[in-house]
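The structure appears below as structure tokens.
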Amino acid sequence: MLETLKEQPADKILALMQMYKDDPRDLKVDLGVGVYKNAEGVTPVMRAVKEAERRLVETQETKAYTGLAGDPEFADAMIDLILDGTVARDRIAAIATPGGTGACRQGFELVRLANPDAKIWHSDPTWPNHLSILKFMGMPAQSYRYFDEATALVDFDGMVEDLGTVAKGDIVLLHGCCHNPTGANLTAEQVEKVISVLKERDAIPMIDLAYQGFGDGLDADAATTRAIAGAMDECLIAASCSKNFGVYRERTGLLMAISAEAGQTKTVQGNMNYLNRQNYSFPPDHGARVVTTILKDPDLRADWEAELEEVRLGMLELRKQLAGELARLTNSDRYAFIAEHRGMFSRLGLPPEVVERLRTDHGIYMVGDSRMNIAGLNEKTVPVLAKAIVEAEKA
Ligand code: LMR
């Protein structure tokens with residue numbers, strides 16, 4: 001049987017991660033996978049996470065199974081962090097999932113269970129794994145215009161025009177903040193317009209919220225999600241704790257499904273529990289319990305928020321530095337968008353051969369579509385990257 005298997009296409013982001021590891025050069029810069037790194041290139045365990053883990057080790061008395069939905073306190077704490085009361089709690093069903101990817105997968109599974117004909121509309125471009133999972137599941141998918149390559153900003157007219165053709169009951173996948181891979185995000189006014197189109201088309205939003213706290217702040221980054229979830233009858237939200245709590249390998253995420261009426265929540269919850277049971281039974285608990293401990297303890301929470309804010313401001317500073325350096329070297333404002341983008345990523349708009357030259361000639365690794373992880377830089381490597389971009393473009 002196993003001899004019938006064919007090679008699967010490599011995930012581009014993960015393949016790049018491996019190439020970087022295998023590169024023997026001392027001077028190399030990893031701007032690939034979306035993992036936060038400090039100026040020393042380390043992905044630290046956040047202070048509050050360390051302390052919450054210490055408390056857990058000391059106080060946890062059992063590792064017996066949690067419920068199929070995970071620990072209800074985790075769901076409550078996350079719902080509060082993300083929605084802050086904008087949707088009545090009794091309209092929300094939620095399951096803990098293995099990371100944000102697990103939440104996306106279970107969200108798609110829920111859509112398929114409820115309406116196998118629903119098409120998933122996704123931004124062009126979107127996180128490549130959205131597309132890979134949808135293809136693997138055999139779900140109908142279609143892109144809507146999102147990114148204007150010329151300005152590196154949102155092609156809002158194109159987006160609205162495309163969303164205007166969405167069929168009733170289709171799902172529109174949106175990034176809650178810090179769009180991956182482009183870094184270009186909707187303004188509050190644009191979100192309002194999207195809401196009116198979704199309502200007009202009778203479409204259902206699904207929001208992937210993987211970078212809350214990495215853009216404009218914890219509340220500001222939840223604003224799009226709150227506005228959409230608050231305005232629509234139904235909404236799915238796939239949230240990740242990987243980045244903002246730095247618990248990548250603990251696989252910590254939450255899928256929320258908001259029903260039009262509280263009376264539907266019990267059945268929706270039952271279906272979500274069923275999906276967890278079919279796919280992996282009980283969701284992982286350690287990361288979820290760490291996150292809950294932090295969110296419920298005022299001191300730990302304050303410390304987590306302070307550290308997250310340092311991370312966010314550090315990335316913003318790097319954005320400004322890189323935009324400034326490129327302005328100086330190119331004598332133009334061509335790269336000014338880098339300072340306007342938010343989150344971990346910016347798509348630089350470099351052709352694949354330039355991205356390739358950056359890797360081979362300069363040891364600088366970014367995804368082939370020229371998505372750069374700003375957190376892979378530090379004060380010293382910003383000028384190195386800026387110079388390399390200019391050289392690689394000329395070569
Ligand atoms: C990324 O986009 O680099 C991250 O979300 C990590 C991943 O799993 O792809």
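Every chain in the structure tokens has a letter given in the order shown (A, B, ...), and although residue numbers restart at 1 in each chain, ligands are simply numbered from 1 in the order shown.
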
> Got a sec to check which residues lie within 9 Å of ligand 1, using only C-alpha atoms and all ligand atoms, and send them as a ChimeraX atom specification?
Replying inline: /A:11-14,32-35,100-101,127-129,180-181,210,242-243,248,345,367,373

Within 12 Å of region 214-232 of chain A, which residues of region 59-139 of chain A come that close, and what is the closest atom pair and distance in Å for each? Count only C-alpha atoms and give it as a Markdown table.
```
| residue | atom | partner | partner_atom | distance |
| --- | --- | --- | --- | --- |
| A:Met78 | CA | A:Ala222 | CA | 11.6 |
| A:Ile79 | CA | A:Arg226 | CA | 10.6 |
| A:Asp80 | CA | A:Arg226 | CA | 10.8 |
| A:Leu81 | CA | A:Asp219 | CA | 8.3 |
| A:Ile82 | CA | A:Ala222 | CA | 5.9 |
| A:Leu83 | CA | A:Arg226 | CA | 5.4 |
| A:Asp84 | CA | A:Arg226 | CA | 7.9 |
| A:Gly85 | CA | A:Arg226 | CA | 8.9 |
| A:Thr86 | CA | A:Gly230 | CA | 5.5 |
| A:Val87 | CA | A:Gly230 | CA | 5.6 |
| A:Ala88 | CA | A:Gly230 | CA | 9.1 |
| A:Arg89 | CA | A:Gly230 | CA | 11.7 |
| A:Arg91 | CA | A:Ala229 | CA | 10.9 |
| A:Ile92 | CA | A:Ala229 | CA | 10.4 |
```

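Take the candidates A:Thr187, A:Thr330, A:Ser346, A:Thr165 and check each one against Lys394 (chain A) using only C-alpha atoms; the shortest distance goes to A:Thr330.
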
Write out as a CSV table (one decimal) with N, CA, C and O atoms, in the first residue's frame which residues come within 8 Å of region 267-275 of chain A when counting only C-alpha atoms, dropping same-chain ones fewer than 5 positions away.
```
chain,number,residue,atom,x,y,z
A,68,LEU,N,-14.3,17.8,25.7
A,68,LEU,CA,-14.0,17.8,24.3
A,68,LEU,C,-13.7,19.2,23.7
A,68,LEU,O,-13.0,19.3,22.8
A,69,ALA,N,-14.4,20.1,24.4
A,69,ALA,CA,-14.2,21.5,23.9
A,69,ALA,C,-13.0,22.2,24.5
A,69,ALA,O,-12.7,23.3,24.2
A,93,ALA,N,-20.4,29.6,20.6
A,93,ALA,CA,-19.9,28.2,20.9
A,93,ALA,C,-18.4,28.2,20.6
A,93,ALA,O,-18.0,29.0,19.7
A,94,ALA,N,-17.6,27.5,21.3
A,94,ALA,CA,-16.2,27.5,21.1
A,94,ALA,C,-15.5,26.2,21.5
A,94,ALA,O,-15.9,25.5,22.4
A,95,ILE,N,-14.5,25.9,20.7
A,95,ILE,CA,-13.6,24.7,21.1
A,95,ILE,C,-12.2,25.1,21.1
A,95,ILE,O,-11.7,25.9,20.2
A,106,GLN,N,-10.8,23.3,11.8
A,106,GLN,CA,-12.0,22.9,12.4
A,106,GLN,C,-13.1,23.9,11.9
A,106,GLN,O,-14.3,23.5,11.8
A,109,GLU,N,-14.1,22.6,8.6
A,109,GLU,CA,-14.9,21.4,8.9
A,109,GLU,C,-16.3,21.7,9.2
A,109,GLU,O,-17.3,21.0,8.8
A,110,LEU,N,-16.5,22.7,10.1
A,110,LEU,CA,-17.8,23.1,10.5
A,110,LEU,C,-18.6,23.6,9.4
A,110,LEU,O,-19.8,23.3,9.2
A,257,ALA,N,-17.8,30.0,17.1
A,257,ALA,CA,-18.9,30.1,16.1
A,257,ALA,C,-20.0,30.8,16.7
A,257,ALA,O,-20.5,30.4,17.8
A,259,SER,N,-23.7,32.2,16.6
A,259,SER,CA,-25.0,31.9,15.9
A,259,SER,C,-25.9,33.1,15.9
A,259,SER,O,-25.7,34.0,16.7
```

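Taking CA of Asn279 (chain A) as the reference point, CA of Pro125 (chain A) is found at 28.1 Å.
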
Using only C-alpha atoms, determine which residues lie at most 9 Å from Leu236 (chain A), disregarding the query and same-chain residues fewer than 3 positions distant; provide the list as a CSV table (one decimal) with N, CA and C atoms, in the first residue's frame.
```csv
chain,number,residue,atom,x,y,z
A,107,GLY,N,-12.8,25.1,11.6
A,107,GLY,CA,-13.7,26.1,11.1
A,107,GLY,C,-14.2,25.6,9.7
A,204,ILE,N,-21.2,34.8,5.0
A,204,ILE,CA,-20.8,34.6,6.4
A,204,ILE,C,-19.3,34.8,6.6
A,205,PRO,N,-18.9,35.7,7.5
A,205,PRO,CA,-17.5,35.9,7.6
A,205,PRO,C,-16.8,34.9,8.5
A,206,MET,N,-15.6,34.5,8.1
A,206,MET,CA,-14.7,33.7,8.9
A,206,MET,C,-13.5,34.5,9.1
A,207,ILE,N,-13.1,34.8,10.4
A,207,ILE,CA,-12.0,35.6,10.6
A,207,ILE,C,-10.8,34.8,11.2
A,208,ASP,N,-9.7,35.0,10.6
A,208,ASP,CA,-8.5,34.3,11.1
A,208,ASP,C,-7.7,35.4,11.9
A,229,ALA,N,-18.0,40.8,13.9
A,229,ALA,CA,-18.8,39.8,14.8
A,229,ALA,C,-20.0,40.5,15.4
A,255,LEU,N,-11.5,28.0,18.2
A,255,LEU,CA,-12.5,28.3,17.2
A,255,LEU,C,-13.8,28.8,17.9
A,256,MET,N,-14.3,29.9,17.4
A,256,MET,CA,-15.6,30.4,17.9
A,256,MET,C,-16.6,30.3,16.8
A,257,ALA,N,-17.8,30.0,17.1
A,257,ALA,CA,-18.9,30.1,16.1
A,257,ALA,C,-20.0,30.8,16.7
A,258,ILE,N,-20.3,32.0,16.1
A,258,ILE,CA,-21.4,32.8,16.6
A,258,ILE,C,-22.7,32.5,15.8
A,259,SER,N,-23.7,32.2,16.6
A,259,SER,CA,-25.0,31.9,15.9
A,259,SER,C,-25.9,33.1,15.9
```

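Separating CA of Ala336 (chain A) from CA of Gly324 (chain A) is a distance of 7.7 Å.
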
> Where in region 105-249 of chain A does DSSP assign strand (DSSP E), given as a count of residues only?
Replying inline: 31

>> Need to verify the contact set: Glu73 (chain A), 9 Å, only C-alpha atoms, exclusion of same-chain residues closer than 4 positions in sequence. Can you return it as a list in words?
In response: Ala77, Met78, Arg289 and Thr292 of chain A

Can I get the selected residues back with C-alpha atoms, as a PDB file, in the first residue's frame?
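What follows is the written file part28.pdb:
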```pdb
ATOM      1  CA  ALA A  77     -10.879  34.171  28.730  1.00  0.00           C
ATOM      2  CA  MET A  78     -10.159  34.193  24.993  1.00  0.00           C
ATOM      3  CA  ARG A 289      -4.030  26.534  30.638  1.00  0.00           C
ATOM      4  CA  THR A 292      -5.878  31.167  30.915  1.00  0.00           C
TER       5      THR A 292
END
```

>> Calculated over only C-alpha atoms, which of the candidates A:Glu192, A:Asp148, A:Asp124, A:Glu261 has the smallest distance to Phe337 (chain A)?
In response: A:Asp148

Distance table requested - region 230-349 of chain A against region 44-65 of chain A, cut-off 8 Å, only C-alpha atoms: one row per qualifying residue with the closest atom pair and its distance in Å to one decimal, ordered by chain and rising residue number, as a Markdown table.
```
| residue | atom | partner | partner_atom | distance |
| --- | --- | --- | --- | --- |
| A:Phe245 | CA | A:Met46 | CA | 7.0 |
| A:Gly246 | CA | A:Val45 | CA | 6.5 |
| A:Val247 | CA | A:Val45 | CA | 7.6 |
| A:Phe282 | CA | A:Tyr65 | CA | 7.0 |
| A:Val290 | CA | A:Ala52 | CA | 5.6 |
| A:Val291 | CA | A:Val49 | CA | 7.5 |
| A:Thr293 | CA | A:Ala52 | CA | 6.1 |
| A:Ile294 | CA | A:Ala52 | CA | 6.5 |
| A:Leu300 | CA | A:Ala48 | CA | 5.4 |
| A:Arg301 | CA | A:Ala48 | CA | 7.4 |
| A:Asp303 | CA | A:Ala48 | CA | 6.2 |
| A:Trp304 | CA | A:Ala48 | CA | 5.4 |
| A:Glu307 | CA | A:Met46 | CA | 7.3 |
```

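Look at Ile133 (chain A): the protein and nucleic acid residues within 10 Å of it, using only C-alpha atoms and passing over chain neighbours fewer than 6 places away, are Thr101, Cys104, Arg105, Phe108 and Met139 of chain A.
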
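Near region 348-354 of chain A, within 6 Å and counting only C-alpha atoms, sit A:Gly368, A:Ser370, A:Ala392, A:Glu393, not including residues fewer than 6 positions from it in the same chain.
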
> Running DSSP on the backbone, which parts of region 45-152 of chain A land in alpha helix (DSSP H), as an MDAnalysis selection string?
Replying inline: chainID A and resid 47:59 72:83 99:114 128:137

> So how many Å separate CA of Gln8 (chain A) and CA of Phe136 (chain A), to one decimal?
Replying inline: 11.1 Å

>> When you count only C-alpha atoms, which of these residues is closest to Asp162 (chain A): A:Met137, A:Val191, A:Val197, A:Leu308?
In response: A:Val197
